[in-house]
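Undergrad: After the structure tokens below, expect a handful of questions from me.
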Amino acid sequence: QVQLVESGGGLVQAGGSLRLSCAASGRAFSMNAMGWFRQAPGKEREFVAAIDWSGGTYYAESVKGRFTISRDNAKNTVALQMNSLKPEDTAVYYCAARSLAKAQVMGNIKSPRGYDYWGQGTQVTVSS
């Protein structure tokens with residue numbers, strides 16, 4: 001089992017920055033990849049960014065160049081640095097982790113179905 005706890009959400013003006021953090025416990029060291037997803041009211045959960053076991057990073061087109069995902073293996077944490085925030089970035093942001101077994105069944109790292117474990121979410125609100 002893996003437990004994920006997000007922190008760092010809040011209210012920020014457009015153009016501002018926030019840094020989200022996800023602390024992983026349990027068998028986090030065995031995870032194939034970690035990712036961030038978001039869900040706005042009335043919309044489906046969507047991919048934001050991911051980082052795989054080798055350090056490879058993946059981003060949604062809508063956040064590329066503005067968001068940066070990173071991981072600290074020693075501390076079992078994953079961070080999402082969000083710059084130049086826009087009102088359309090407003091959503092609940094979820095940290096997710098996927099096992100090697102899940103990766104072998106669902107190879108698409110950008111799909112929420114490819115992840116085994118989820119945090120409780122943290123609200124990000126960007127005002128215009």
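Ligands are numbered from 1 in the order shown, chains are lettered A, B, ... in the order of the structure tokens, and residues start at 1 in each chain.
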Excluding Gln39 in chain A and any residue of its chain fewer than 3 positions from it, enumerate the residues within 8 Å of it, using only C-alpha atoms, and give them as a PDB file with N, CA and C atoms, in the first residue's frame.
TA:
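part.pdb written:
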ATOM      1  N   LYS A  43     -16.252  18.819 -14.631  1.00  0.00           N
ATOM      2  CA  LYS A  43     -15.357  18.304 -15.666  1.00  0.00           C
ATOM      3  C   LYS A  43     -14.712  16.999 -15.219  1.00  0.00           C
ATOM      4  N   GLU A  44     -14.192  16.265 -16.178  1.00  0.00           N
ATOM      5  CA  GLU A  44     -13.509  15.023 -15.876  1.00  0.00           C
ATOM      6  C   GLU A  44     -12.103  15.320 -15.336  1.00  0.00           C
ATOM      7  N   ARG A  45     -11.580  14.338 -14.604  1.00  0.00           N
ATOM      8  CA  ARG A  45     -10.230  14.472 -14.109  1.00  0.00           C
ATOM      9  C   ARG A  45      -9.265  14.460 -15.299  1.00  0.00           C
ATOM     10  N   GLU A  46      -8.304  15.379 -15.304  1.00  0.00           N
ATOM     11  CA  GLU A  46      -7.390  15.469 -16.436  1.00  0.00           C
ATOM     12  C   GLU A  46      -5.930  15.435 -15.998  1.00  0.00           C
ATOM     13  N   ALA A  91      -8.817  24.265  -9.922  1.00  0.00           N
ATOM     14  CA  ALA A  91      -9.279  22.883  -9.837  1.00  0.00           C
ATOM     15  C   ALA A  91      -8.795  22.277  -8.519  1.00  0.00           C
ATOM     16  N   VAL A  92      -9.291  21.085  -8.244  1.00  0.00           N
ATOM     17  CA  VAL A  92      -8.703  20.280  -7.182  1.00  0.00           C
ATOM     18  C   VAL A  92      -7.572  19.475  -7.828  1.00  0.00           C
ATOM     19  N   TYR A  93      -6.400  19.543  -7.244  1.00  0.00           N
ATOM     20  CA  TYR A  93      -5.230  18.857  -7.779  1.00  0.00           C
ATOM     21  C   TYR A  93      -4.961  17.600  -6.964  1.00  0.00           C
TER      22      TYR A  93
END
Undergrad: Can you list, as JSON, numbers by chain, every protein, DNA or RNA residue that comes within 7 Å of Pro87 in chain A when you count only C-alpha atoms, leaving out same-chain residues fewer than 3 positions away?
TA: {"A": [14, 90, 126, 127, 128]}
Undergrad: If you take only C-alpha atoms and a cut-off of 12 Å, which residues of range 38-58 of chain A touch range 70-74 of chain A, and what are their nearest atom pairs and distances in Å to one decimal, in chain and number order, as a tab-separated table?
TA:
residue	atom	partner	partner_atom	distance
A:Ala49	CA	A:Ser70	CA	9.7
A:Ala50	CA	A:Ser70	CA	8.7
A:Ile51	CA	A:Ser70	CA	7.1
A:Asp52	CA	A:Arg71	CA	9.5
A:Trp53	CA	A:Asn73	CA	9.8
A:Ser54	CA	A:Arg71	CA	10.8
A:Gly55	CA	A:Arg71	CA	8.1
A:Gly56	CA	A:Ser70	CA	9.7
A:Thr57	CA	A:Ser70	CA	8.3
A:Tyr58	CA	A:Ser70	CA	10.8
Undergrad: Have a look at A:Val12, A:Leu80, A:Leu4, A:Ile69 and name the one nearest to Gln120 in chain A; count only C-alpha atoms.
TA: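 Under the stated criterion, the closest residue is A:Leu4.
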Undergrad: Could you tell me how far CA of Thr68 in chain A lies from CA of Val105 in chain A, in Å and to one decimal?
TA: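 Pair CA of Thr68 in chain A / CA of Val105 in chain A returns 26.9 Å.
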